>>> print(open('model_12.txt').read())   # compact mmCIF, C-alpha atoms
# COMPACT_ATOMS: atom_id res chain seq x y z
CA MET A 1 -31.12 -4.30 12.59
CA ALA A 2 -28.64 -1.61 11.69
CA ALA A 3 -28.21 -0.93 8.02
CA ILE A 4 -25.04 -2.25 6.39
CA GLN A 5 -22.66 0.67 5.97
CA PRO A 6 -19.28 -0.58 4.80
CA MET A 7 -17.76 2.90 4.46
CA GLU A 8 -18.76 4.13 7.91
CA GLN A 9 -15.58 2.67 9.48
CA PHE A 10 -13.41 5.08 7.47
CA LEU A 11 -15.01 8.24 8.89
CA VAL A 12 -12.52 10.57 10.56
CA ARG A 13 -13.88 11.63 13.96
CA LYS A 14 -12.51 14.09 16.47
CA VAL A 15 -11.30 12.46 19.67
CA VAL A 16 -9.79 15.53 21.35
CA PRO A 17 -11.19 18.73 19.81
CA ILE A 18 -8.72 21.62 19.70
CA GLU A 19 -9.68 25.15 18.68
CA PRO A 20 -8.60 25.96 15.10
CA VAL A 21 -5.29 27.81 14.98
CA HIS A 22 -5.13 30.89 12.77
CA VAL A 23 -1.95 30.97 10.70
CA PRO A 24 -1.33 34.17 8.75
CA GLY A 25 -1.52 33.48 5.03
CA LEU A 26 -3.00 30.00 5.43
CA GLY A 27 -6.19 30.71 7.35
CA ALA A 28 -7.66 28.52 10.09
CA ILE A 29 -5.98 25.13 10.57
CA ASP A 30 -7.74 22.43 12.54
CA LEU A 31 -5.25 20.65 14.81
CA SER A 32 -7.78 18.42 16.57
CA ILE A 33 -6.68 14.92 17.53
CA THR A 34 -8.80 12.70 15.29
CA ASN A 35 -8.94 8.91 15.38
CA SER A 36 -6.60 8.98 12.38
CA VAL A 37 -4.02 11.04 14.28
CA LEU A 38 -4.51 8.86 17.37
CA PHE A 39 -3.65 5.67 15.45
CA MET A 40 -0.61 7.34 13.90
CA PHE A 41 0.54 8.21 17.44
CA ILE A 42 -0.05 4.59 18.51
CA ALA A 43 1.97 3.31 15.54
CA ALA A 44 4.83 5.73 16.23
CA GLY A 45 4.78 4.76 19.92
CA LEU A 46 4.82 1.03 19.13
CA ILE A 47 7.76 1.39 16.74
CA SER A 48 9.74 3.54 19.20
CA LEU A 49 8.99 1.16 22.09
CA PHE A 50 10.03 -1.87 20.04
CA PHE A 51 13.37 -0.37 19.11
CA LEU A 52 13.99 0.99 22.61
CA LEU A 53 13.53 -2.53 23.95
CA ALA A 54 15.37 -4.21 21.10
CA ALA A 55 18.45 -1.99 20.80
CA ARG A 56 20.48 -3.37 23.70
CA ARG A 57 23.62 -3.58 21.55
CA GLN A 58 24.60 -7.02 22.75
CA VAL A 59 27.05 -9.09 20.77
CA VAL A 60 24.85 -12.15 21.19
CA PRO A 61 21.38 -10.81 20.41
CA GLY A 62 18.32 -11.68 22.45
CA ARG A 63 14.97 -12.43 20.84
CA MET A 64 13.87 -8.81 20.45
CA GLN A 65 17.22 -7.69 19.13
CA ALA A 66 17.31 -10.60 16.68
CA ALA A 67 13.87 -9.60 15.36
CA ALA A 68 14.93 -5.97 14.97
CA GLU A 69 18.16 -7.00 13.26
CA MET A 70 16.25 -9.28 10.89
CA LEU A 71 13.93 -6.42 9.89
CA TYR A 72 16.87 -4.08 9.40
CA GLY A 73 18.80 -6.71 7.48
CA MET A 74 15.83 -7.40 5.25
CA VAL A 75 15.41 -3.73 4.30
CA ASP A 76 19.17 -3.26 3.93
CA GLY A 77 19.81 -6.42 1.94
CA VAL A 78 16.73 -6.74 -0.25
CA LEU A 79 15.51 -3.16 -0.70
CA THR A 80 18.26 -0.53 -0.57
CA GLY A 81 21.18 -2.91 -1.05
CA GLY A 82 19.48 -5.24 -3.52
CA ILE A 83 17.74 -2.66 -5.69
CA ILE A 84 19.87 0.49 -5.44
CA GLY A 85 23.23 -1.02 -4.52
CA ASP A 86 25.95 0.51 -2.35
CA ARG A 87 24.88 4.03 -3.25
CA GLY A 88 21.53 3.29 -1.64
CA ARG A 89 22.95 3.25 1.88
CA PRO A 90 22.15 6.95 2.56
CA PHE A 91 18.47 6.28 1.82
CA LEU A 92 18.20 3.37 4.25
CA PRO A 93 16.70 5.44 7.13
CA PHE A 94 14.04 6.89 4.85
CA ILE A 95 13.06 3.55 3.30
CA PHE A 96 13.19 1.77 6.67
CA THR A 97 10.92 4.39 8.29
CA LEU A 98 8.51 4.27 5.38
CA PHE A 99 8.33 0.48 5.54
CA LEU A 100 7.91 0.30 9.33
CA LEU A 101 5.30 3.07 9.49
CA ILE A 102 3.12 1.63 6.74
CA ALA A 103 3.45 -1.94 8.03
CA THR A 104 2.57 -0.95 11.60
CA LEU A 105 -0.37 1.22 10.52
CA ASN A 106 -1.67 -1.63 8.35
CA VAL A 107 -1.34 -4.22 11.10
CA ILE A 108 -2.92 -2.20 13.94
CA SER A 109 -5.83 -1.31 11.66
CA LEU A 110 -6.69 -5.04 11.63
CA ALA A 111 -7.17 -5.11 15.42
CA PRO A 112 -10.84 -5.07 16.53
CA GLY A 113 -12.00 -1.44 16.63
CA GLY A 114 -8.88 -0.37 14.80
CA PHE A 115 -8.99 2.60 12.47
CA SER A 116 -7.32 2.17 9.10
CA VAL A 117 -5.10 5.22 8.62
CA THR A 118 -3.73 3.90 5.33
CA SER A 119 -7.30 3.81 3.95
CA GLN A 120 -7.25 7.62 3.92
CA LEU A 121 -6.18 8.86 0.49
CA ALA A 122 -4.82 12.02 2.16
CA VAL A 123 -2.32 9.97 4.19
CA THR A 124 -1.17 7.68 1.38
CA GLY A 125 -1.09 10.69 -0.95
CA ALA A 126 1.16 12.58 1.43
CA LEU A 127 3.52 9.59 1.71
CA ALA A 128 3.60 9.21 -2.08
CA VAL A 129 4.23 12.92 -2.70
CA MET A 130 7.02 12.82 -0.11
CA THR A 131 8.66 9.90 -1.95
CA PHE A 132 8.23 11.59 -5.31
CA THR A 133 9.71 14.86 -4.03
CA THR A 134 12.68 12.97 -2.61
CA VAL A 135 13.25 11.37 -6.01
CA LEU A 136 13.05 14.75 -7.77
CA VAL A 137 15.36 16.53 -5.30
CA VAL A 138 17.92 13.71 -5.26
CA GLY A 139 17.75 13.47 -9.05
CA PHE A 140 18.50 17.15 -9.58
CA LEU A 141 21.15 17.32 -6.84
CA ARG A 142 23.09 14.31 -8.15
CA ASN A 143 22.75 14.82 -11.89
CA GLY A 144 21.89 18.48 -12.40
CA PHE A 145 20.11 18.86 -15.71
CA GLY A 146 21.40 15.43 -16.67
CA PHE A 147 18.29 14.34 -14.79
CA PHE A 148 16.36 14.69 -18.04
CA LYS A 149 18.40 11.81 -19.51
CA LEU A 150 15.91 9.71 -17.55
CA PHE A 151 13.39 10.38 -20.31
CA TRP A 152 15.93 9.82 -23.11
CA PRO A 153 17.13 6.20 -23.35
CA SER A 154 20.74 6.25 -24.60
CA SER A 155 20.24 4.19 -27.76
CA MET A 156 17.05 5.92 -28.86
CA HIS A 157 16.67 7.09 -32.47
CA PRO A 158 15.61 10.78 -32.52
CA VAL A 159 12.47 9.97 -34.51
CA MET A 160 11.36 7.53 -31.82
CA ALA A 161 11.57 10.38 -29.30
CA LEU A 162 8.29 11.73 -30.69
CA VAL A 163 6.53 8.63 -29.39
CA LEU A 164 8.67 7.61 -26.43
CA LEU A 165 9.23 10.99 -24.79
CA PRO A 166 5.55 11.64 -23.96
CA ILE A 167 5.13 8.05 -22.75
CA GLU A 168 8.18 8.24 -20.48
CA LEU A 169 7.12 11.64 -19.17
CA ILE A 170 3.54 10.57 -18.39
CA SER A 171 4.64 7.33 -16.76
CA PHE A 172 7.03 9.32 -14.57
CA LEU A 173 4.50 11.97 -13.56
CA VAL A 174 1.75 9.46 -12.75
CA ARG A 175 3.95 7.64 -10.20
CA PRO A 176 2.82 9.43 -7.02
CA LEU A 177 -0.78 8.79 -8.05
CA THR A 178 -0.30 5.05 -8.56
CA LEU A 179 1.80 4.77 -5.40
CA ALA A 180 -0.93 6.40 -3.30
CA MET A 181 -3.84 4.62 -4.97
CA ARG A 182 -2.27 1.16 -4.62
CA LEU A 183 -1.90 1.33 -0.84
CA PHE A 184 -5.22 3.13 -0.39
CA GLY A 185 -7.16 0.74 -2.60
CA ASN A 186 -5.67 -2.41 -1.11
CA MET A 187 -6.39 -1.43 2.48
CA LEU A 188 -9.83 -0.01 1.67
CA GLY A 189 -10.77 -3.11 -0.31
CA GLY A 190 -9.56 -5.48 2.40
CA HIS A 191 -11.48 -3.73 5.17
CA VAL A 192 -14.68 -3.47 3.16
CA VAL A 193 -14.58 -7.16 2.19
CA THR A 194 -14.08 -8.31 5.81
CA TYR A 195 -16.90 -5.97 6.88
CA MET A 196 -19.23 -7.43 4.25
CA PHE A 197 -18.56 -11.01 5.34
CA GLY A 198 -19.04 -9.97 8.98
CA SER A 199 -22.42 -8.50 8.10
CA PHE A 200 -23.33 -11.77 6.31
CA VAL A 201 -22.63 -13.72 9.52
CA VAL A 202 -24.99 -11.51 11.55
CA ALA A 203 -27.69 -11.08 8.90
CA LEU A 204 -27.92 -14.78 7.93
CA GLY A 205 -27.75 -15.89 11.59
CA LEU A 206 -30.57 -13.52 12.64
CA TRP A 207 -32.68 -14.58 9.66
CA ALA A 208 -32.19 -18.25 10.53
CA ILE A 209 -33.15 -17.65 14.18
CA GLN A 210 -36.25 -15.60 13.44
CA THR A 211 -37.73 -17.62 10.56
CA PRO A 212 -38.79 -21.25 11.15
CA GLY A 213 -38.59 -23.99 8.51
CA LEU A 214 -36.11 -24.16 5.66
CA ALA A 215 -34.64 -20.76 6.64
CA ARG A 216 -32.68 -22.58 9.38
CA LEU A 217 -30.23 -23.42 6.59
CA GLY A 218 -29.11 -19.80 7.00
CA PHE A 219 -26.91 -21.07 9.84
CA VAL A 220 -24.80 -22.88 7.21
CA GLY A 221 -24.28 -19.68 5.26
CA SER A 222 -23.50 -17.84 8.48
CA GLY A 223 -20.89 -20.44 9.45
CA VAL A 224 -19.31 -20.43 6.00
CA SER A 225 -19.08 -16.62 6.13
CA PHE A 226 -17.41 -16.86 9.53
CA LEU A 227 -14.80 -19.28 8.15
CA MET A 228 -14.30 -16.88 5.25
CA ILE A 229 -13.52 -14.07 7.71
CA VAL A 230 -10.84 -16.22 9.35
CA ALA A 231 -9.29 -16.93 5.95
CA LEU A 232 -9.58 -13.31 4.83
CA MET A 233 -7.96 -12.05 8.03
CA THR A 234 -4.97 -14.29 7.37
CA LEU A 235 -4.78 -12.88 3.86
CA GLU A 236 -5.11 -9.34 5.19
CA PHE A 237 -2.10 -9.78 7.47
CA VAL A 238 -0.08 -10.94 4.46
CA VAL A 239 -1.36 -7.99 2.43
CA ALA A 240 -0.56 -5.55 5.26
CA PHE A 241 3.12 -6.53 5.16
CA LEU A 242 3.21 -6.99 1.40
CA GLN A 243 1.84 -3.53 0.66
CA ALA A 244 4.35 -1.91 3.02
CA PHE A 245 7.10 -3.92 1.31
CA VAL A 246 5.85 -2.99 -2.16
CA PHE A 247 5.63 0.71 -1.25
CA ALA A 248 9.21 0.67 0.06
CA ALA A 249 10.43 -1.41 -2.90
CA LEU A 250 8.87 0.94 -5.45
CA ALA A 251 10.37 3.93 -3.64
CA CYS A 252 13.74 2.13 -4.00
CA VAL A 253 13.17 1.44 -7.70
CA TYR A 254 12.33 5.11 -8.34
CA LEU A 255 15.36 6.25 -6.30
CA ASN A 256 17.59 3.77 -8.12
CA GLU A 257 16.77 5.35 -11.47
CA VAL A 258 18.00 8.77 -10.40
CA VAL A 259 20.88 7.63 -8.16
CA ASN A 260 22.43 5.30 -10.73
CA LEU A 261 21.43 7.32 -13.79
CA ASP A 262 24.92 7.36 -15.31
CA HIS A 263 25.62 3.71 -14.56
CA GLY A 264 22.72 1.89 -16.14
CA HIS A 265 22.63 -0.22 -12.97
CA MET B 266 -33.46 5.04 -15.36
CA ASP B 267 -32.99 6.87 -12.06
CA LEU B 268 -29.64 7.89 -10.61
CA ALA B 269 -29.48 5.20 -7.91
CA SER B 270 -29.83 2.27 -10.31
CA ALA B 271 -27.48 3.86 -12.84
CA ARG B 272 -24.95 4.16 -10.01
CA HIS B 273 -25.14 0.48 -9.14
CA ILE B 274 -24.85 -0.57 -12.78
CA GLY B 275 -21.88 1.76 -13.22
CA ALA B 276 -20.13 0.40 -10.13
CA GLY B 277 -20.66 -3.12 -11.42
CA LEU B 278 -19.22 -2.16 -14.81
CA ALA B 279 -16.21 -0.53 -13.12
CA MET B 280 -15.41 -3.86 -11.49
CA THR B 281 -14.85 -5.46 -14.92
CA GLY B 282 -11.37 -3.95 -14.63
CA LEU B 283 -10.60 -6.78 -12.23
CA ILE B 284 -10.80 -9.28 -15.13
CA GLY B 285 -7.52 -7.96 -16.47
CA ALA B 286 -5.89 -7.87 -13.06
CA GLY B 287 -6.91 -11.47 -12.40
CA ALA B 288 -5.58 -12.68 -15.75
CA GLY B 289 -2.37 -10.71 -15.23
CA LEU B 290 -1.79 -12.15 -11.76
CA GLY B 291 -2.43 -15.64 -13.07
CA ILE B 292 0.12 -15.22 -15.87
CA LEU B 293 2.63 -13.67 -13.47
CA PHE B 294 2.51 -16.32 -10.77
CA GLY B 295 2.17 -19.15 -13.28
CA ASN B 296 5.29 -18.08 -15.12
CA TYR B 297 7.17 -17.50 -11.88
CA LEU B 298 6.34 -21.00 -10.67
CA GLN B 299 7.32 -22.47 -14.01
CA ALA B 300 10.66 -20.69 -13.90
CA ALA B 301 11.17 -21.63 -10.25
CA MET B 302 10.52 -25.31 -10.95
CA ARG B 303 13.04 -25.27 -13.80
CA ASN B 304 15.74 -23.49 -11.85
CA PRO B 305 15.00 -23.60 -8.11
CA ALA B 306 18.36 -22.03 -7.27
CA ALA B 307 17.42 -18.76 -8.99
CA ALA B 308 13.91 -18.59 -7.51
CA ALA B 309 14.82 -16.69 -4.35
CA SER B 310 16.65 -13.93 -6.20
CA GLU B 311 13.65 -13.18 -8.40
CA ARG B 312 11.10 -13.04 -5.60
CA VAL B 313 11.44 -9.24 -5.17
CA TYR B 314 10.55 -8.74 -8.81
CA LEU B 315 7.66 -11.17 -8.44
CA PHE B 316 6.12 -9.00 -5.73
CA LEU B 317 6.88 -5.82 -7.66
CA GLY B 318 5.15 -7.24 -10.71
CA MET B 319 2.30 -8.40 -8.53
CA ALA B 320 1.87 -4.88 -7.15
CA LEU B 321 1.93 -3.34 -10.61
CA ALA B 322 -0.53 -5.84 -12.07
CA GLU B 323 -2.79 -5.59 -9.07
CA SER B 324 -2.82 -1.81 -9.01
CA MET B 325 -4.75 -1.75 -12.30
CA GLY B 326 -7.50 -3.81 -10.69
CA ILE B 327 -7.37 -1.65 -7.58
CA PHE B 328 -7.98 1.44 -9.72
CA GLY B 329 -11.15 -0.23 -10.97
CA LEU B 330 -12.17 -1.01 -7.39
CA VAL B 331 -11.55 2.57 -6.29
CA MET B 332 -13.58 3.86 -9.25
CA GLY B 333 -16.39 1.53 -8.23
CA PHE B 334 -16.35 2.88 -4.66
CA LEU B 335 -16.20 6.46 -5.92
CA ILE B 336 -19.21 5.90 -8.17
CA LEU B 337 -21.17 4.24 -5.35
CA PHE B 338 -20.35 6.50 -2.43
CA SER B 339 -19.56 9.98 -3.75
>>> encode(input="model_12.txt", output="structure tokens")
Amino acid sequence: MAAIQPMEQFLVRKVVPIEPVHVPGLGAIDLSITNSVLFMFIAAGLISLFFLLAARRQVVPGRMQAAAEMLYGMVDGVLTGGIIGDRGRPFLPFIFTLFLLIATLNVISLAPGGFSVTSQLAVTGALAVMTFTTVLVVGFLRNGFGFFKLFWPSSMHPVMALVLLPIELISFLVRPLTLAMRLFGNMLGGHVVTYMFGSFVVALGLWAIQTPGLARLGFVGSGVSFLMIVALMTLEFVVAFLQAFVFAALACVYLNEVVNLDHGH
Amino acid sequence: MDLASARHIGAGLAMTGLIGAGAGLGILFGNYLQAAMRNPAAAASERVYLFLGMALAESMGIFGLVMGFLILFS
């Protein structure tokens, strides 16, 4: 029986090896198509295909168009509109893309044989740094050096600044880290837990088959583990959407702080 | 004590961080339900903040989980 290796599913393997490209100043860069890249391509293709089929621009929408409009309306109404307000409209494409990409990557990683791209800290880290950079750039463009008012609540006594300023600064700087770790940890945890219960099904079933006597009770444990997988999979689909929603919502909350800095929205 | 057993004990200890996350999630959802039962009309408008709070409370537990995995597998 193969040893139980819960982390083996997260290994990045080369599917189409490509010779490393030498870029002056950066050194050799490996552009091989790995399974991680492959699943990102699949996700991008699925999203594009869905919107190509859905965007028929009919006045009375069909099923596909209604689904696409519902998704769009949800992001527009609850995330950018609900959290940032009218000034959030320019960020709708960014937030919508972020939400769709993460949700699709999460969902296709749950398919049998699927590779979980969002369980790679490099991917979630890149997404988080991108969001954080957007917040910084937008903050400085809109407010100039008034951006630093973010760390100085308007009614604060100067003495309190000694305590509050470091806290505000640290909690601001740690945001990309928490954003990346949350998505990464949730997806990693979910996949490892389903893997462990799957290995229980096989291990207990084999043990019950091979050992006579009371060990036949292992079938019960095997069956219970199988039911647990079904329940966990349901939960994982909820988590897949929820984490994408939470990532997009937190990006909106961070953007809201810099976009509506002078309004106290 | 050899390194392998110390690793397993450490990973187990790292998972104690989930105690706080569990308590926090319980408080969060309990209070949300209580508020929703008292004023059902306002429940829908607060659901975004429920999930935001859930993510923030849960992330602390997830950090513990990630630390556990790092101790075990790196």
>>> interface_residues(input="model_12.txt", of="chain A", to="chain B", cutoff="9 Å", atoms="only C-alpha atoms", output="JSON, numbers by chain")
{"A": [7, 78, 79, 178, 179, 181, 182, 183, 184, 185, 186, 188, 189, 242, 243, 245, 246, 247, 249, 250]}
>>> atom_distance(input="model_12.txt", atom1="CA of Asp86 in chain A", atom2="CA of Thr133 in chain A")
21.7 Å
>>> residues_near_point(input="model_12.txt", point="(1.9, 11.0, 8.2)", cutoff="9 Å", atoms="all atoms listed in the file", output="PyMOL selection string")
chain A and resi 37+40+101+123-124+126-127
>>> residues_around(input="model_12.txt", residues="range 23-34 of chain A", least_positions_apart="4", cutoff="8 Å", atoms="only C-alpha atoms", output="PyMOL selection string")
chain A and resi 12-19+38
>>> residues_around(input="model_12.txt", residues="His191 in chain A", least_positions_apart="6", cutoff="10 Å", atoms="all atoms listed in the file", output="PyMOL selection string")
chain A and resi 6-7+9-10+109-110+115-116+119+185+232-233+236
>>> closest_residue(input="model_12.txt", among="A:Gly125, A:Pro20, A:Gly88, A:Pro112", to="Leu177 in chain A", atoms="only C-alpha atoms")
A:Gly125
>>> axis_aligned_box(input="model_12.txt", around="range 326-339 of chain B", padding_each_side="8 Å", output="lines of an AutoDock Vina configuration file")
center_x = -14.3
center_y = 3.1
center_z = -6.7
size_x = 29.8
size_y = 29.8
size_z = 24.5
>>> atom_distance(input="model_12.txt", atom1="CA of Gln58 in chain A", atom2="CA of Met70 in chain A")
14.7 Å
>>> residues_near_point(input="model_12.txt", point="(18.1, -6.7, 18.1)", cutoff="12 Å", atoms="only C-alpha atoms", output="list in words")
Phe50, Phe51, Leu52, Leu53, Ala54, Ala55, Arg56, Arg57, Gln58, Val59, Val60, Pro61, Gly62, Arg63, Met64, Gln65, Ala66, Ala67, Ala68, Glu69, Met70, Leu71, Tyr72 and Gly73 of chain A
>>> atom_distance(input="model_12.txt", atom1="CA of Ile84 in chain A", atom2="CA of Asn256 in chain A")
4.8 Å
>>> closest_residue(input="model_12.txt", among="A:Asn106, A:Thr234, A:Thr118, A:Thr131", to="Phe94 in chain A", atoms="all atoms listed in the file")
A:Thr131
>>> closest_residue(input="model_12.txt", among="B:Arg303, B:Met266, B:Arg312, B:Leu335", to="Met280 in chain B", atoms="only C-alpha atoms")
B:Leu335
>>> residues_around(input="model_12.txt", residues="Ile274 in chain B", least_positions_apart="6", cutoff="12 Å", atoms="only C-alpha atoms", output="list in words")
Met266, Asp267, Leu268, Met280, Thr281, Gly333, Ile336 and Leu337 of chain B
